[in-house]
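Undergrad: Handing over my_file-v2.txt, compact mmCIF, C-alpha atoms.
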```
# COMPACT_ATOMS: atom_id res chain seq x y z
CA MET A 1 0.00 0.00 0.00
CA ILE A 2 1.33 3.37 -1.02
CA PRO A 3 0.15 6.74 0.28
CA ALA A 4 -1.46 9.31 -2.01
CA ALA A 5 1.06 11.78 -3.39
CA PHE A 6 2.10 14.70 -1.23
CA ASP A 7 4.74 17.42 -1.07
CA TYR A 8 7.44 16.75 1.51
CA LYS A 9 8.91 19.60 3.52
CA VAL A 10 11.59 19.38 6.19
CA ALA A 11 11.40 21.77 9.12
CA ASP A 12 14.59 22.33 11.09
CA SER A 13 12.87 24.04 14.03
CA ALA A 14 9.46 24.33 15.66
CA GLU A 15 9.20 27.89 14.32
CA ALA A 16 9.90 26.74 10.77
CA ALA A 17 7.30 23.97 11.11
CA ILE A 18 4.67 26.40 12.41
CA ALA A 19 5.39 28.82 9.56
CA MET A 20 4.89 26.00 7.05
CA LEU A 21 1.66 24.93 8.75
CA GLY A 22 0.47 28.53 8.48
CA GLU A 23 1.39 28.63 4.81
CA TYR A 24 -0.27 25.36 3.79
CA GLY A 25 -3.28 25.42 6.14
CA ASP A 26 -5.34 22.35 6.88
CA GLU A 27 -3.94 20.46 3.87
CA ALA A 28 -0.66 20.02 5.77
CA LYS A 29 0.15 17.53 8.49
CA LEU A 30 3.16 17.30 10.75
CA LEU A 31 5.19 14.13 10.43
CA ALA A 32 6.84 13.14 13.72
CA GLY A 33 7.54 9.42 14.16
CA GLY A 34 4.92 8.65 11.55
CA HIS A 35 3.74 5.42 13.12
CA SER A 36 0.12 6.50 13.26
CA LEU A 37 0.05 8.89 10.30
CA ILE A 38 1.87 6.76 7.71
CA PRO A 39 -0.38 3.70 8.25
CA MET A 40 -3.45 5.95 7.89
CA MET A 41 -2.00 7.42 4.71
CA LYS A 42 -1.27 3.95 3.34
CA PHE A 43 -4.89 2.98 3.97
CA ARG A 44 -5.85 6.32 2.35
CA LEU A 45 -7.76 7.22 5.50
CA ALA A 46 -5.62 10.35 5.52
CA ALA A 47 -4.35 12.12 2.42
CA PRO A 48 -2.61 15.35 3.40
CA THR A 49 -1.16 17.14 0.39
CA VAL A 50 1.82 18.46 2.36
CA LEU A 51 3.86 16.66 5.02
CA VAL A 52 6.06 18.78 7.25
CA ASP A 53 8.73 16.49 8.69
CA ILE A 54 9.83 17.51 12.20
CA GLY A 55 11.86 14.33 12.66
CA ARG A 56 15.10 16.31 12.56
CA VAL A 57 14.12 18.90 15.16
CA ASP A 58 16.47 17.40 17.73
CA ASP A 59 15.95 20.12 20.34
CA LEU A 60 12.40 18.85 20.85
CA SER A 61 13.75 15.56 22.18
CA TYR A 62 14.55 15.84 25.90
CA ILE A 63 13.46 14.78 29.35
CA ARG A 64 14.09 17.33 32.09
CA GLN A 65 13.18 17.42 35.74
CA GLU A 66 11.74 20.81 36.59
CA ASN A 67 9.91 22.29 39.54
CA GLY A 68 7.32 19.64 40.45
CA HIS A 69 7.08 18.14 37.00
CA LEU A 70 8.93 16.42 34.20
CA ALA A 71 9.23 18.39 30.98
CA ILE A 72 9.36 16.04 28.01
CA GLY A 73 10.01 17.31 24.50
CA ALA A 74 7.36 16.47 21.94
CA MET A 75 9.77 14.53 19.72
CA THR A 76 10.92 12.24 22.55
CA ARG A 77 10.55 8.67 21.33
CA HIS A 78 8.58 6.11 23.33
CA THR A 79 11.79 4.09 23.78
CA ALA A 80 13.45 7.05 25.50
CA VAL A 81 10.49 7.53 27.86
CA GLU A 82 10.33 3.80 28.58
CA HIS A 83 14.01 3.51 29.49
CA SER A 84 14.58 6.91 31.10
CA ASP A 85 15.83 6.62 34.68
CA VAL A 86 14.32 9.96 35.61
CA VAL A 87 10.90 9.03 34.20
CA LYS A 88 11.05 5.65 35.95
CA ALA A 89 11.84 7.42 39.22
CA GLU A 90 9.58 10.46 38.98
CA ALA A 91 6.62 9.35 36.85
CA PRO A 92 6.86 5.56 36.80
CA MET A 93 3.41 5.10 35.30
CA LEU A 94 4.41 7.02 32.17
CA ALA A 95 7.53 4.88 31.65
CA HIS A 96 5.49 1.72 32.14
CA VAL A 97 2.72 2.75 29.74
CA ALA A 98 5.31 3.82 27.15
CA SER A 99 6.67 0.27 27.30
CA LEU A 100 3.23 -1.11 26.34
CA VAL A 101 2.85 0.82 23.09
CA GLY A 102 3.03 -1.34 19.97
CA ASP A 103 6.32 -3.23 19.95
CA PRO A 104 9.99 -2.25 20.33
CA SER A 105 10.46 -1.28 16.67
CA VAL A 106 7.36 0.93 16.81
CA ARG A 107 8.61 2.51 20.04
CA HIS A 108 11.92 3.37 18.38
CA ARG A 109 9.99 5.73 16.09
CA GLY A 110 6.80 6.84 17.83
CA THR A 111 6.88 10.08 19.81
CA LEU A 112 5.04 11.37 22.87
CA GLY A 113 3.94 14.56 21.12
CA GLY A 114 2.83 12.60 18.09
CA THR A 115 0.59 10.21 19.97
CA LEU A 116 -1.07 13.10 21.84
CA ALA A 117 -1.62 15.12 18.65
CA HIS A 118 -3.05 12.02 16.98
CA SER A 119 -5.64 11.87 19.80
CA ASP A 120 -6.65 8.27 19.26
CA PRO A 121 -8.99 7.18 22.08
CA ALA A 122 -7.55 3.64 21.77
CA SER A 123 -3.96 4.74 22.43
CA ASP A 124 -2.26 4.16 25.76
CA LEU A 125 -0.17 7.28 26.32
CA PRO A 126 -2.90 9.91 25.92
CA ALA A 127 -4.87 8.16 28.67
CA ALA A 128 -1.78 7.93 30.87
CA VAL A 129 -1.07 11.65 30.47
CA LEU A 130 -4.73 12.31 31.27
CA ALA A 131 -4.71 10.22 34.47
CA LEU A 132 -1.43 11.81 35.54
CA GLY A 133 -2.89 15.31 35.16
CA GLY A 134 -0.38 16.30 32.51
CA THR A 135 -0.18 19.58 30.64
CA ILE A 136 0.42 19.94 26.93
CA VAL A 137 2.41 22.91 25.66
CA ALA A 138 1.30 24.01 22.21
CA GLN A 139 3.19 26.53 20.13
CA GLY A 140 1.66 28.62 17.37
CA PRO A 141 2.58 31.73 15.42
CA ASN A 142 1.79 33.94 18.43
CA GLY A 143 3.69 32.00 21.07
CA THR A 144 2.90 29.12 23.36
CA ARG A 145 -0.07 28.12 25.47
CA GLU A 146 -0.50 25.43 28.09
CA VAL A 147 -3.49 23.12 27.86
CA ALA A 148 -4.45 20.70 30.59
CA ALA A 149 -4.73 17.16 29.22
CA SER A 150 -8.34 17.14 30.51
CA GLU A 151 -9.09 20.03 28.09
CA PHE A 152 -6.99 18.82 25.18
CA PHE A 153 -8.97 16.02 23.52
CA THR A 154 -12.14 17.14 21.76
CA GLY A 155 -13.24 14.23 19.58
CA PHE A 156 -12.26 11.16 17.61
CA PHE A 157 -8.69 11.95 16.43
CA GLU A 158 -9.36 15.60 17.29
CA SER A 159 -7.80 17.99 19.76
CA VAL A 160 -7.78 21.71 20.55
CA LEU A 161 -4.67 22.16 18.38
CA ALA A 162 -5.23 24.78 15.68
CA ASP A 163 -4.07 24.06 12.12
CA ASP A 164 -0.95 26.14 12.70
CA GLU A 165 -0.13 24.88 16.19
CA MET A 166 2.11 22.05 17.27
CA ILE A 167 2.88 20.34 20.55
CA THR A 168 6.37 21.22 21.74
CA GLU A 169 6.40 19.84 25.28
CA VAL A 170 4.46 17.63 27.65
CA ARG A 171 4.58 18.27 31.40
CA ILE A 172 3.91 15.46 33.81
CA PRO A 173 3.54 16.12 37.55
CA THR A 174 6.14 14.11 39.44
CA GLY A 175 5.06 11.74 42.16
CA THR A 176 5.13 8.15 43.14
CA GLY A 177 1.59 7.82 44.52
CA GLY A 178 -0.03 4.44 43.85
CA TRP A 179 -0.57 3.82 40.17
CA ASN A 180 -1.48 1.03 37.81
CA TYR A 181 -2.36 0.54 34.17
CA GLN A 182 -4.59 -2.25 32.94
CA LYS A 183 -4.50 -2.94 29.21
CA PHE A 184 -6.99 -5.54 28.07
CA ASN A 185 -6.37 -7.01 24.66
CA ARG A 186 -6.40 -10.40 23.02
CA ARG A 187 -3.08 -10.41 21.16
CA ALA A 188 0.38 -9.01 21.71
CA GLN A 189 0.88 -5.51 20.25
CA ASP A 190 -2.86 -4.87 19.77
CA TRP A 191 -4.53 -1.70 20.94
CA ALA A 192 -6.44 -2.02 24.18
CA ILE A 193 -10.03 -3.20 23.78
CA VAL A 194 -10.41 -1.24 27.01
CA GLY A 195 -7.66 0.19 29.19
CA VAL A 196 -7.70 1.86 32.58
CA GLY A 197 -5.03 4.09 34.09
CA VAL A 198 -4.95 4.89 37.79
CA ALA A 199 -2.56 7.61 38.98
CA ASP A 200 -1.74 9.18 42.31
CA GLY A 201 -3.63 6.73 44.50
CA GLY A 202 -6.84 7.04 42.49
CA LYS A 203 -6.96 10.84 42.19
CA GLY A 204 -6.68 10.34 38.45
CA ILE A 205 -8.51 7.51 36.68
CA SER A 206 -8.63 7.41 32.89
CA LEU A 207 -10.24 5.15 30.35
CA VAL A 208 -8.95 3.94 26.99
CA ASN A 209 -11.34 3.15 24.15
CA MET A 210 -14.48 4.05 26.11
CA GLY A 211 -15.61 6.90 23.86
CA SER A 212 -14.45 9.24 21.14
CA THR A 213 -11.64 10.62 23.32
CA PRO A 214 -9.54 9.34 26.21
CA LEU A 215 -11.80 9.91 29.23
CA ARG A 216 -11.50 10.66 32.92
CA ALA A 217 -13.67 8.33 35.02
CA THR A 218 -14.93 11.34 36.95
CA ALA A 219 -17.71 9.59 38.83
CA ALA A 220 -15.32 6.94 40.12
CA GLU A 221 -12.71 9.58 41.06
CA GLU A 222 -15.33 11.58 43.00
CA ALA A 223 -16.67 8.51 44.76
CA LEU A 224 -13.16 7.60 45.92
CA ALA A 225 -12.53 11.14 47.12
CA GLY A 226 -15.82 10.90 49.03
CA GLY A 227 -14.70 7.78 50.87
CA ALA A 228 -16.03 4.96 48.66
CA SER A 229 -14.07 1.72 48.50
CA ALA A 230 -12.17 0.70 45.37
CA ALA A 231 -14.88 -1.82 44.51
CA GLU A 232 -17.67 0.73 45.00
CA ALA A 233 -15.88 3.38 42.96
CA ALA A 234 -15.09 0.90 40.19
CA GLU A 235 -18.81 0.24 39.71
CA LEU A 236 -19.07 3.88 38.54
CA ALA A 237 -16.15 3.69 36.10
CA ALA A 238 -18.30 3.65 32.95
CA GLU A 239 -20.67 6.46 34.08
CA GLY A 240 -21.08 8.96 31.28
CA ALA A 241 -18.95 6.97 28.82
CA SER A 242 -20.35 6.04 25.43
CA PRO A 243 -18.11 3.26 24.16
CA MET A 244 -18.17 2.29 20.52
CA GLU A 245 -19.04 -1.15 19.23
CA ASP A 246 -16.71 -3.07 16.96
CA THR A 247 -15.69 -6.62 16.16
CA ASN A 248 -13.87 -6.93 19.48
CA ALA A 249 -16.59 -5.85 21.86
CA ASP A 250 -20.02 -4.29 22.10
CA ALA A 251 -20.75 -1.32 24.32
CA ALA A 252 -22.10 -3.35 27.23
CA TYR A 253 -19.01 -5.56 27.30
CA ARG A 254 -16.73 -2.51 27.15
CA SER A 255 -18.60 -0.96 30.10
CA HIS A 256 -18.23 -4.21 32.00
CA LEU A 257 -14.51 -4.29 31.23
CA ALA A 258 -14.09 -0.69 32.39
CA LYS A 259 -15.56 -1.56 35.79
CA VAL A 260 -13.55 -4.75 36.24
CA LEU A 261 -10.30 -3.18 35.05
CA THR A 262 -10.83 -0.10 37.23
CA ARG A 263 -11.28 -2.30 40.30
CA ARG A 264 -8.16 -4.29 39.41
CA ALA A 265 -6.16 -1.13 38.73
CA LEU A 266 -7.25 0.52 41.98
CA GLU A 267 -6.44 -2.58 43.99
CA ALA A 268 -3.06 -2.97 42.29
CA ALA A 269 -2.40 0.72 42.99
CA GLY A 270 -2.94 0.05 46.68
CA VAL A 271 -6.32 1.77 46.93
CA ALA A 272 -8.49 -0.20 49.34
CA MET B 1 21.87 7.62 3.16
CA SER B 2 24.29 4.82 3.73
CA VAL B 3 23.09 1.25 3.30
CA ASN B 4 25.32 -1.41 4.84
CA GLY B 5 28.18 1.07 4.91
CA GLN B 6 27.84 2.11 1.29
CA SER B 7 26.76 5.60 0.41
CA GLN B 8 23.60 5.65 -1.71
CA SER B 9 22.05 8.55 -3.51
CA HIS B 10 18.72 8.33 -5.32
CA ASP B 11 15.94 10.69 -6.25
CA VAL B 12 12.70 9.26 -4.87
CA GLU B 13 9.10 10.33 -4.80
CA PRO B 14 8.26 11.48 -1.24
CA ARG B 15 5.67 8.74 -0.81
CA THR B 16 8.21 5.97 -1.50
CA LEU B 17 8.33 3.67 1.51
CA LEU B 18 11.77 2.82 2.82
CA VAL B 19 11.21 -0.91 2.26
CA HIS B 20 10.37 -0.32 -1.41
CA HIS B 21 13.40 1.93 -1.75
CA ILE B 22 15.71 -0.70 -0.27
CA ARG B 23 14.30 -3.49 -2.41
CA GLU B 24 13.73 -1.68 -5.70
CA ASN B 25 16.23 1.20 -5.86
CA VAL B 26 19.09 -0.09 -3.73
CA GLY B 27 18.40 -3.61 -5.02
CA LEU B 28 18.64 -5.51 -1.73
CA THR B 29 15.78 -7.96 -1.53
CA GLY B 30 16.65 -9.70 1.73
CA THR B 31 14.25 -7.35 3.51
CA ASN B 32 10.79 -8.83 3.00
CA ILE B 33 7.37 -7.25 2.84
CA GLY B 34 4.81 -9.15 4.89
CA CYS B 35 1.72 -7.45 6.21
CA ASP B 36 2.58 -3.95 4.99
CA THR B 37 0.79 -2.56 8.10
CA SER B 38 3.65 -2.48 10.67
CA SER B 39 2.29 -5.58 12.39
CA CYS B 40 4.43 -8.49 11.22
CA GLY B 41 8.03 -7.22 11.31
CA ALA B 42 9.17 -9.00 8.11
CA CYS B 43 10.55 -5.65 6.88
CA THR B 44 12.58 -4.91 10.04
CA ILE B 45 15.91 -3.16 9.39
CA HIS B 46 18.22 -1.02 11.50
CA LEU B 47 17.92 2.74 11.15
CA ASP B 48 20.86 4.39 12.91
CA GLY B 49 21.36 1.19 14.89
CA GLN B 50 17.77 0.64 16.04
CA SER B 51 15.20 -1.76 14.65
CA VAL B 52 12.40 -0.15 12.65
CA LYS B 53 9.67 -1.47 10.39
CA SER B 54 10.69 -0.15 7.01
CA CYS B 55 7.13 -0.37 5.63
CA THR B 56 6.20 2.47 7.99
CA VAL B 57 9.08 4.82 7.28
CA LEU B 58 9.30 7.02 4.20
CA ALA B 59 12.57 6.76 2.31
CA VAL B 60 12.91 10.54 2.58
CA GLN B 61 12.74 10.32 6.38
CA ALA B 62 15.90 8.21 6.26
CA GLU B 63 17.87 10.78 4.25
CA GLY B 64 21.35 10.94 5.79
CA ALA B 65 20.72 7.94 8.04
CA ALA B 66 22.76 4.75 8.36
CA ILE B 67 20.71 1.74 7.29
CA THR B 68 21.68 -1.85 7.98
CA THR B 69 19.80 -4.69 6.30
CA ILE B 70 20.17 -8.43 6.71
CA GLU B 71 22.71 -8.39 3.85
CA GLY B 72 25.02 -6.10 5.82
CA LEU B 73 24.80 -7.72 9.21
CA ALA B 74 27.60 -10.24 8.77
CA ASP B 75 29.95 -7.57 7.36
CA GLN B 76 29.14 -5.39 10.35
CA SER B 77 30.06 -8.13 12.82
CA ARG B 78 33.19 -9.04 10.84
CA ALA B 79 34.30 -5.42 11.04
CA ALA B 80 33.62 -5.46 14.77
CA GLY B 81 35.46 -8.77 15.17
CA THR B 82 32.40 -10.46 16.69
CA SER B 83 31.41 -12.84 13.91
CA THR B 84 31.33 -16.55 14.67
CA GLY B 85 31.12 -20.01 13.15
CA ASP B 86 32.43 -21.55 9.93
CA GLN B 87 30.62 -18.97 7.79
CA ASP B 88 31.95 -16.02 9.74
CA TRP B 89 28.41 -14.75 10.27
CA HIS B 90 26.90 -12.45 12.83
CA PRO B 91 26.39 -14.44 16.09
CA MET B 92 22.61 -14.09 15.66
CA GLN B 93 22.71 -15.61 12.18
CA GLU B 94 24.92 -18.41 13.45
CA ALA B 95 22.54 -19.03 16.38
CA PHE B 96 19.53 -19.12 14.04
CA GLN B 97 21.27 -21.79 11.98
CA GLN B 98 22.49 -23.81 14.96
CA CYS B 99 19.07 -23.75 16.67
CA HIS B 100 17.14 -24.31 13.43
CA ALA B 101 15.24 -21.12 14.18
CA LEU B 102 13.39 -21.02 10.89
CA GLN B 103 10.93 -23.05 8.95
CA CYS B 104 9.81 -21.30 5.76
CA GLY B 105 12.29 -18.49 6.40
CA TYR B 106 10.09 -15.58 5.36
CA CYS B 107 10.15 -13.86 8.75
CA THR B 108 13.82 -14.67 9.35
CA PRO B 109 15.54 -11.51 8.08
CA GLY B 110 13.20 -9.35 10.14
CA MET B 111 13.50 -11.64 13.15
CA VAL B 112 17.30 -11.51 13.02
CA MET B 113 17.32 -7.71 12.68
CA ALA B 114 14.80 -7.25 15.51
CA ALA B 115 16.67 -9.72 17.71
CA THR B 116 20.05 -8.04 17.22
CA SER B 117 18.58 -4.63 18.02
CA PHE B 118 16.86 -6.11 21.06
CA LEU B 119 20.13 -7.58 22.40
CA ASN B 120 21.79 -4.18 21.96
CA GLU B 121 19.29 -2.84 24.49
CA ASN B 122 19.17 -5.89 26.75
CA ALA B 123 22.33 -7.99 26.53
CA SER B 124 21.29 -10.81 28.86
CA PRO B 125 17.51 -11.19 28.64
CA SER B 126 15.28 -13.79 30.24
CA GLU B 127 13.16 -16.01 28.00
CA ASP B 128 10.10 -13.87 28.77
CA GLU B 129 11.98 -10.73 27.84
CA VAL B 130 13.01 -12.27 24.51
CA ARG B 131 9.40 -13.14 23.75
CA GLU B 132 8.28 -9.60 24.58
CA GLY B 133 11.22 -8.11 22.70
CA LEU B 134 10.13 -9.96 19.56
CA GLU B 135 6.41 -9.31 19.96
CA GLY B 136 6.40 -7.17 16.84
CA ASN B 137 7.71 -9.99 14.65
CA LEU B 138 5.34 -12.73 13.56
CA CYS B 139 6.30 -16.21 12.39
CA ARG B 140 3.36 -17.67 10.51
CA CYS B 141 4.95 -21.14 10.81
CA THR B 142 4.67 -20.47 14.58
CA GLY B 143 8.28 -21.53 14.99
CA TYR B 144 8.80 -19.27 17.97
CA HIS B 145 10.29 -21.89 20.26
CA ASN B 146 13.55 -22.25 18.35
CA ILE B 147 13.69 -18.55 17.54
CA VAL B 148 13.63 -17.74 21.25
CA LYS B 149 16.24 -20.44 21.83
CA ALA B 150 18.48 -18.91 19.17
CA VAL B 151 18.23 -15.42 20.65
CA LEU B 152 19.07 -16.76 24.11
CA SER B 153 21.96 -18.69 22.62
CA ALA B 154 23.27 -15.58 20.80
CA ALA B 155 22.94 -13.59 24.03
CA GLY B 156 25.04 -16.20 25.81
CA GLU B 157 27.80 -15.82 23.25
CA SER B 158 27.99 -12.07 23.12
```
Output the file's structure in the form of structure tokens.
TA:
Amino acid sequence: MIPAAFDYKVADSAEAAIAMLGEYGDEAKLLAGGHSLIPMMKFRLAAPTVLVDIGRVDDLSYIRQENGHLAIGAMTRHTAVEHSDVVKAEAPMLAHVASLVGDPSVRHRGTLGGTLAHSDPASDLPAAVLALGGTIVAQGPNGTREVAASEFFTGFFESVLADDEMITEVRIPTGTGGWNYQKFNRRAQDWAIVGVGVADGGKGISLVNMGSTPLRATAAEEALAGGASAAEAAELAAEGASPMEDTNADAAYRSHLAKVLTRRALEAAGVA
Amino acid sequence: MSVNGQSQSHDVEPRTLLVHHIRENVGLTGTNIGCDTSSCGACTIHLDGQSVKSCTVLAVQAEGAAITTIEGLADQSRAAGTSTGDQDWHPMQEAFQQCHALQCGYCTPGMVMAATSFLNENASPSEDEVREGLEGNLCRCTGYHNIVKAVLSAAGES
């Protein structure tokens, strides 16, 4: 399978990439690791007429410990997040979830900024960033803005990013509060049929593949904060979610999985 | 880009996939195309020393990069003085032969490339780690048992 024809542009900086996005408008797409975009282009589900390659913007690949959070450059590959000693120490859930994406060869290419911008509700890392209360730094022609992960995802493969904005950094609060990530699938390297992330002792609970965006299980989070047990809170995990139906699971089964996986994740995170 | 240590220069259409470029323009057909959807790993090569699925990389993304394919692996280990066996192969190739880690052989180039990259990151893996390290490479003959044995054997030698 071969993608539809496109013009290929190389950006050597975030500013250059943003200028090109401004020039070419919504016909252009950024190419980071390409491991979501290129498959979609091969299936002709996406056919941008211009690709702006930011794969050589090396200064967007970093992991830094800052005041109360980790600052991770958008072009940081999943492999780097997975194996980073500082991520393992300061945000262990993120390192663990990075290690569950695809397979090692995919993780050599895929990037943290790319998977967030792609905004696939079935992906692992967007849900992890959501549970962890992360912040996404987006840069446009007029400077940068910070968007809470809970405000970032707006629909199926859609986010608040404007056509001429790109993610430059992801900030993850540091902390080693109880966490767990449950990924339910049938085969190695598949997407989760349903996934559940629990961060910071249950203060953040997120759901994978339970709607058109990664979701916070708000009802379960509030119940826990109000003194409910893990099992009681888990019963509320699918409240407000509208999971899709596909060949793997219907909506009722997905809702059931969300409850079971939330209970398992909370218990494994040490939440009674 | 360099392919197996040799500088290569071609004009390609931007949508040319790296695997097609390697097979059709560079002329090295050891890298196979399997699923063409980054699931099976038959097209695994090394891009700047790390395994990647070359069906999911554009040739233009690899401009200036160092590519190693299955054809260049033995030369690479000879240059490093780490090749083994009567054939003077890369230890992974030797281990695949010794352990009979192939049946039809279609997945083998990708398996060997993924396995060598994996051992670069984890030099003495457990059996479980080998299985997880190769999760992106499918053997439709289901000959995984001997493949895992070969990777463990190669790890023991290196």
Undergrad: For each of A:Met244, A:Leu100, A:Ala74, A:Ala238, take the minimum atom-to-atom distance to chain B, counting only C-alpha atoms, then give the residue where this is smallest.
TA: A:Leu100
Undergrad: Find the residue from A:Asp59, A:Glu146, A:Asp103, A:Glu235 that sits nearest to A:His35; use only C-alpha atoms when measuring.
TA: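 The shortest atom-to-atom distance to A:His35 comes from A:Asp103.
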Undergrad: Write out as a tab-separated table a residue-level contact list of chain A versus chain B with cut-off 7 Å: for each qualifying residue the closest pair of atoms and the distance in Å to one decimal, counting only C-alpha atoms, rows sorted by chain and residue number upward.
TA:
```
residue	atom	partner	partner_atom	distance
A:Met1	CA	B:Asp36	CA	6.9
A:Ile2	CA	B:Arg15	CA	6.9
A:Pro3	CA	B:Arg15	CA	6.0
A:Ala5	CA	B:Arg15	CA	6.1
A:Phe6	CA	B:Pro14	CA	7.0
A:Asp7	CA	B:Pro14	CA	6.9
A:Tyr8	CA	B:Pro14	CA	6.0
A:His35	CA	B:Thr56	CA	6.4
A:Ile38	CA	B:Thr56	CA	6.1
A:Pro39	CA	B:Thr37	CA	6.4
A:Asp103	CA	B:Gly136	CA	5.0
A:Pro104	CA	B:Gly133	CA	6.4
A:Ser105	CA	B:Val52	CA	4.6
A:Val106	CA	B:Val52	CA	6.6
A:His108	CA	B:Val52	CA	6.7
A:Ala188	CA	B:Glu135	CA	6.3
A:Gln189	CA	B:Gly136	CA	6.7
```
Undergrad: Determine, counting all atoms listed in the file, which protein, DNA and RNA residues have an atom within 12 Å of an atom of A:Glu90; residues of the same chain fewer than 6 positions away are not included. Present the result as a list in words.
TA: Ile63, Arg64, Gln65, Glu66, Asn67, Gly68, His69, Leu70, Ala71, Val81, Ser84, His96, Leu132, Arg171, Ile172, Pro173, Thr174, Gly175, Thr176, Gly177 and Asp200 of chain A
Undergrad: Would you output that residue set with C-alpha atoms, as a compact mmCIF listing (two decimals), keeping the file's coordinate frame?
TA:
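The result, written out as selection_22.txt:
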```txt
# COMPACT_ATOMS: atom_id res chain seq x y z
CA ILE A 63 13.46 14.78 29.35
CA ARG A 64 14.09 17.33 32.09
CA GLN A 65 13.18 17.42 35.74
CA GLU A 66 11.74 20.81 36.59
CA ASN A 67 9.91 22.29 39.54
CA GLY A 68 7.32 19.64 40.45
CA HIS A 69 7.08 18.14 37.00
CA LEU A 70 8.93 16.42 34.20
CA ALA A 71 9.23 18.39 30.98
CA VAL A 81 10.49 7.53 27.86
CA SER A 84 14.58 6.91 31.10
CA HIS A 96 5.49 1.72 32.14
CA LEU A 132 -1.43 11.81 35.54
CA ARG A 171 4.58 18.27 31.40
CA ILE A 172 3.91 15.46 33.81
CA PRO A 173 3.54 16.12 37.55
CA THR A 174 6.14 14.11 39.44
CA GLY A 175 5.06 11.74 42.16
CA THR A 176 5.13 8.15 43.14
CA GLY A 177 1.59 7.82 44.52
CA ASP A 200 -1.74 9.18 42.31
```
Undergrad: Separation of atom CA of A:Ala128 and atom CA of A:Asn248, in Å?
TA: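 Atom-to-atom, atom CA of A:Ala128 to atom CA of A:Asn248, that is 22.3 Å.
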Undergrad: So which residues touch A:Leu266 within 7 Å, counting all atoms listed in the file, skipping near sequence neighbours fewer than 5 positions away, as a PyMOL selection string?
TA: chain A and resi 198+202+230+271
Undergrad: For atom CA of A:Ser150 and atom CA of A:Ala217, quote the distance in Å rounded to one decimal.
TA: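 Calculated distance between atom CA of A:Ser150 and atom CA of A:Ala217 is 11.2 Å.
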Undergrad: To one decimal place in Å, what is the distance between atom CA of A:Glu27 and atom CA of A:Gly140?
TA: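 These atoms are spaced 16.7 Å apart.
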